[in-house]
Structure formats: structure tokens, C-alpha cells
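Take a look at the structure set out below.
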Amino acid sequence: MSHSLSSTLPRRQFLSTLLATSSAWAAPMAWAQGSIDPGRLVLVFLRGAYDGLSALVPHGERAYYALRPHIAIAAPDGTAQTTIKLDDRFGLHPALAPLLPLWQQGVLAAIPAAGSPDATRSHFDAQHHWEIGQPGRSGAGAGWLNTLAGLRETARAKPAAPVAAALGVGEANPQILAGPAAVQLVPRGQAATRQGAMGDARTRDAMLQLYAGQDSLSQAFRAGAQSRMQTAQTLSDDMASPAMSAQEMRAANNGAGPAQGLLLDAQHLGTLMRQNRQLRLGFLSAGGWDTHANQGAATGALANNLGNLASTLVQLRRDFSQPNDVVLVCSEFGRTSAENGTRGSDHGHGNALWLMGNRVNGGRWHGQWTGLEQGMLHEGRDLPVHHDFRAIFAQVLRNAQGLTNAQIDQLFPGFAWDGALDGLMQG
């Protein structure tokens, strides 16, 4: 590409490309209200519907092994290729072994039959419902994390430069962060450490001269350019630190499989949120979880993804371990209880949802579990959704973020409080 980028790209196309990987701007958030000092909230979304029955293994259910003769995780016997026993009913996939200390420390918990009450098996529709916080709604809507970012905006003492409260790493424009509030977006993997076209001095000078005015478009461009360059510099400096091992660097696979790059994205998110305390909300996602064929059991494609997820959560625990910090891990729906003819699993309904943090009542699973006998399954084939994801998030938002029920209803209109989950969070 020519150094004189402004001569090869239309002005608006260049601006759109730059801003899509930097920031959208709005007023700052005023978090400190009431008696709770709100922590940081990080949501990890596993796109493609991950198999919770392989992650949180119901080894105590005889039906589990009957339904999955080839892809079930073997009952625990203490060896490396079998389920890691948590209690007499559930255990961890062996690839999730790095999470066992977090479970034992009481900071990791699971809800085995959670999800959206809408029964769609469409990835697109289900993800849209989760991201706008409104199951069954197909129309446009702001992402609920964006609404949360703007919920406590204040008009007092506006800063010279607008401040983002939410950070998304990996996706260009995730629906969950779409809306009017301040959001900083960072590219996936190694691309986050590069300044792009603005790293070239001649191009940068030309573009800054072009947008030197005081109109809103020029101000937005300059703010976005500055954010992109500062982000790249911050992450480049952090990667040069001896603390970043070669193994961690290799974990980033920018183009092959999104789950392989999740650890590096998590490291970037942690670095940026540590250095900018205005960033209180984080979003990460990984694809590759749609395992219709050759899913594997203790080893294989799913096991590889789960191993990457485990490393990511251990990293997030290092960066987000303050009293009210919470990490949530979820997916748009689960997978069928029975394996299919190609030794995979198809689109299901209920799923295992994970929470991590000091305020989480961890070292145990929460909610209702009715087993895997056919009469207990949704439509005779899937885990039921006993607990609406909105009610789970509401527990976190009230106990670790200090939101009122009325504020939570702004995020999730019409949600119902789930008293069965009242023991999920401490305090």
C-alpha cells in the first residue's frame, strides 16, 4: 500500500476503517453509588454453542453415558483422560484441569442448566437475543453492555476528551457493545499492537491536517486516531516485558481458529483495563464451538478449545481478582444431550454457564438440575433452561455492581427475578 493512503482510499472509507478499530465516544460513567464499590465485569462469549455437557460433565448420570457412547468423558478414576471429580454428580473435562484450583478456592461456580428461554436453534437469532438482553426479539436494539456503560453517565465536569467505560477485544462491532455510550474496540490478536495507517508519519500528518477543524467529524477522527496509537503502544510495551512468555505469544493465532487466540486477547484486555481504570466493562469472544462432527471426548477439537478457554480464565483471574470483579462465561445455547451419527452434537437449548470472582459463591454448582432422562429433557432431546441468563446476570449486577432492580430492568426489560439463585453471590 502506498505511504500516501489518503490518495488511495476515499476519505470516508479510511475514516470508517480507522474508527472501527478504535473508539466510539460518549459521556463518561459515574460508577460510585451507594455502599458497593463496583468492580470490573468481563463477559466471555463462546460463539457457536459450546458443549456444556462436556465441560461440566454429569458423570453421576447413567443416561449421560447411554446418550453419548463415543463422545462422553469417562467417569473419574484419577487418571489424566477421565473426568475430574467435583462432587458425586459433576466434574470437569480433563482439559479444564487448570480451573480446579479456582473451584477449590471457592471463586469459580457453574449453573448447569441455564440459557435463554427462547427455543430458537439459530445461532444468529440466539446471539442477538443474548446481546441485546431480550429473548425472542429480532429487531434492532442497543447491546446490554452498552446500555450498562451509559446507565450512570453524568453531565458534571465533562473531560477535555471523552472517556470510554467499556472495552471490546477481538470483534470489530459486537452487537452487545452497540449503542450510544462510550466503547473502545481493539482488534484481535497481534493486530492490536499495530498502529495501522496512522503509524506512518507522512500519512498521519496528512490525515491530521485534513481533520484539523473543530467540527464533530474532525474531533471524532482525532480522538479515534489517538486511541488507536495509544492502544498499540501500550500493548507493544507490555509484550516487550519479560513477563510475556514465548508460549503465551504462540497462543495467539490470528487467522486459524478464534479460540486459539483467546488467551492473547484476554492478555490485551487485562493490560488495557489495568492501565485505564475508567474501563470497567470488558467483552471477549471466541468462535469454533459448533461441533457437529468429530467433536472428540477427552482429546480432540473440543478438548483443544476447552484447553484454550482454561488458560484464558486463569489469565483473567490474575488480572481481575479485586473484591467485586466478576468474569462470566456463556454461549448462545447448548448442544443435544445425545451424540449424532458423525460423533458430534447438534444445536440444543440449556447449557452450563460459569462465574468467577471473589463475590461468587464458588466451589459449587447452583440452581436446578433434573437429569438427562428423556422425560426431563426439553423436547425430549436437550437440556432444559431452568435459569434465564438475565436472572443470572441480574444477581451479579445487583451484588457486585450495585444496580437496583429498576436499573437492571432497563438492561433486561421484563426479566423475572430468580429466587433459586439467591445464594449465587456473597453479600
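Naming scheme: A, B, ... for chains in displayed order of the C-alpha cells; residues 1 onward per chain; ligands 1 onward as shown.
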Show me a table, sorted first by chain and then by increasing residue number, of the residues of range 79-170 of chain A having an atom at most 12 Å from range 175-182 of chain A, each with its shortest atom pair and the distance in Å to one decimal, counting only C-alpha atoms and written as JSON lines.
{"residue": "A:Phe124", "atom": "CA", "partner": "A:Gln175", "partner_atom": "CA", "distance": 11.1}
{"residue": "A:Asp125", "atom": "CA", "partner": "A:Gln175", "partner_atom": "CA", "distance": 11.8}
{"residue": "A:Gln127", "atom": "CA", "partner": "A:Gln175", "partner_atom": "CA", "distance": 8.9}
{"residue": "A:His128", "atom": "CA", "partner": "A:Gln175", "partner_atom": "CA", "distance": 7.2}
{"residue": "A:His129", "atom": "CA", "partner": "A:Ile176", "partner_atom": "CA", "distance": 9.6}
{"residue": "A:Trp130", "atom": "CA", "partner": "A:Ile176", "partner_atom": "CA", "distance": 8.0}
{"residue": "A:Glu131", "atom": "CA", "partner": "A:Ile176", "partner_atom": "CA", "distance": 4.3}
{"residue": "A:Ile132", "atom": "CA", "partner": "A:Ile176", "partner_atom": "CA", "distance": 6.1}
{"residue": "A:Gly133", "atom": "CA", "partner": "A:Ile176", "partner_atom": "CA", "distance": 8.5}
{"residue": "A:Gln134", "atom": "CA", "partner": "A:Ile176", "partner_atom": "CA", "distance": 11.4}
{"residue": "A:Ala140", "atom": "CA", "partner": "A:Gln175", "partner_atom": "CA", "distance": 9.6}
{"residue": "A:Gly141", "atom": "CA", "partner": "A:Gly179", "partner_atom": "CA", "distance": 8.0}
{"residue": "A:Ala142", "atom": "CA", "partner": "A:Gly179", "partner_atom": "CA", "distance": 4.8}
{"residue": "A:Gly143", "atom": "CA", "partner": "A:Ile176", "partner_atom": "CA", "distance": 3.7}
{"residue": "A:Trp144", "atom": "CA", "partner": "A:Ile176", "partner_atom": "CA", "distance": 5.8}
{"residue": "A:Leu145", "atom": "CA", "partner": "A:Leu177", "partner_atom": "CA", "distance": 5.6}
{"residue": "A:Asn146", "atom": "CA", "partner": "A:Leu177", "partner_atom": "CA", "distance": 4.7}
{"residue": "A:Thr147", "atom": "CA", "partner": "A:Ala181", "partner_atom": "CA", "distance": 7.0}
{"residue": "A:Leu148", "atom": "CA", "partner": "A:Ala181", "partner_atom": "CA", "distance": 8.7}
{"residue": "A:Ala149", "atom": "CA", "partner": "A:Ala181", "partner_atom": "CA", "distance": 6.1}
{"residue": "A:Gly150", "atom": "CA", "partner": "A:Ala181", "partner_atom": "CA", "distance": 5.0}
{"residue": "A:Leu151", "atom": "CA", "partner": "A:Ala181", "partner_atom": "CA", "distance": 8.7}
{"residue": "A:Arg152", "atom": "CA", "partner": "A:Ala181", "partner_atom": "CA", "distance": 10.2}
{"residue": "A:Glu153", "atom": "CA", "partner": "A:Ala181", "partner_atom": "CA", "distance": 8.5}
{"residue": "A:Thr154", "atom": "CA", "partner": "A:Ala181", "partner_atom": "CA", "distance": 11.6}
{"residue": "A:Ala161", "atom": "CA", "partner": "A:Ala182", "partner_atom": "CA", "distance": 11.6}
{"residue": "A:Pro162", "atom": "CA", "partner": "A:Ala182", "partner_atom": "CA", "distance": 7.9}
{"residue": "A:Val163", "atom": "CA", "partner": "A:Ala182", "partner_atom": "CA", "distance": 6.7}
{"residue": "A:Ala164", "atom": "CA", "partner": "A:Ala182", "partner_atom": "CA", "distance": 4.4}
{"residue": "A:Ala165", "atom": "CA", "partner": "A:Ala182", "partner_atom": "CA", "distance": 6.0}
{"residue": "A:Ala166", "atom": "CA", "partner": "A:Ala182", "partner_atom": "CA", "distance": 6.7}
{"residue": "A:Leu167", "atom": "CA", "partner": "A:Leu177", "partner_atom": "CA", "distance": 8.5}
{"residue": "A:Gly168", "atom": "CA", "partner": "A:Leu177", "partner_atom": "CA", "distance": 7.5}
{"residue": "A:Val169", "atom": "CA", "partner": "A:Leu177", "partner_atom": "CA", "distance": 10.9}
- [ ] Tell me, as an MDAnalysis selection string, which residues lie within 12 Å of Pro101 in chain A, counting only C-alpha atoms; anything in the same chain fewer than 3 positions away does not count.
- [x] chainID A and resid 84 86 92 96:98 104:109 310 313:314 317 362:363
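Nearest residue to Gly344 in chain A among A:Leu67, A:Leu411, A:Val57, A:Ala75 is A:Leu67, counting only C-alpha atoms.
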- [ ] For each of A:Asn173, A:Asn340, A:Gln426, A:Asn399, take the minimum atom-to-atom distance to Leu284 in chain A, counting only C-alpha atoms, then give the residue where this is smallest.
- [x]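 Ranked by minimum distance to Leu284 in chain A, first place goes to A:Asn173.
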TODO: Give me the residues within 6 Å of range 286-290 of chain A as a ChimeraX atom specification, counting only C-alpha atoms and dropping any in the same chain fewer than 3 places off.
DONE: /A:46-50,258-259
Include C-alpha atoms and write out the residues we just selected as a PDB file, in the first residue's frame.
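Full text of again07.pdb as output:
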ATOM      1  CA  LEU A  46     -18.349 -18.617  23.228  1.00  0.00           C
ATOM      2  CA  ARG A  47     -19.907 -18.223  19.800  1.00  0.00           C
ATOM      3  CA  GLY A  48     -21.205 -21.351  18.117  1.00  0.00           C
ATOM      4  CA  ALA A  49     -22.872 -23.025  21.116  1.00  0.00           C
ATOM      5  CA  TYR A  50     -20.276 -24.826  23.189  1.00  0.00           C
ATOM      6  CA  PRO A 258     -10.551 -17.857  17.162  1.00  0.00           C
ATOM      7  CA  ALA A 259     -10.380 -19.954  20.335  1.00  0.00           C
TER       8      ALA A 259
END
- [ ] Grab the CA of Gly380 in chain A to CA of Asp118 in chain A distance for me, in Å with one decimal place.
- [x] 16.4 Å
Task: Closest of A:Pro323, A:Arg277, A:Ala297, A:Gly189 to Gln260 in chain A - atom-to-atom distances counting only C-alpha atoms - done: A:Gly189
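Separating CA of Asp319 in chain A from CA of Gln267 in chain A is a distance of 8.4 Å.
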Task: Pick from A:Asn305, A:Thr336, A:Gln401, A:Gln190 nearest to Leu383 in chain A, counting only C-alpha atoms - done: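 Selected residue with least distance to Leu383 in chain A: A:Thr336.
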Open item on the list: Excluding His70 in chain A and its own-chain neighbours fewer than 2 positions away, which residues fall within 8 Å of it when counting only C-alpha atoms? Please give them as number ranges by chain.
Closed with: A: 68, 72, 297, 339, 343
TODO: Go ahead and compute the interatomic distance for CA of Gly367 in chain A and CA of Thr83 in chain A, in Å to one decimal.
DONE: 21.5 Å
Open item on the list: Taking 4 positions as the minimum chain separation for residues in the same chain, which residues sit within 8 Å of Asp418 in chain A when counting only C-alpha atoms? Answer as a ChimeraX atom specification.
Closed with: /A:387,391-392,422
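Here the question is which of A:Tyr65, A:Phe320, A:Trp103, A:Phe393 gets nearest to Asp87 in chain A using only C-alpha atoms, and that residue is A:Trp103.
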- [ ] Would you mind telling me which residue in A:Ile71, A:Leu43, A:Leu53, A:Ile36 lies nearest to Gly296 in chain A when using only C-alpha atoms?
- [x]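 The shortest atom-to-atom distance to Gly296 in chain A comes from A:Ile71.
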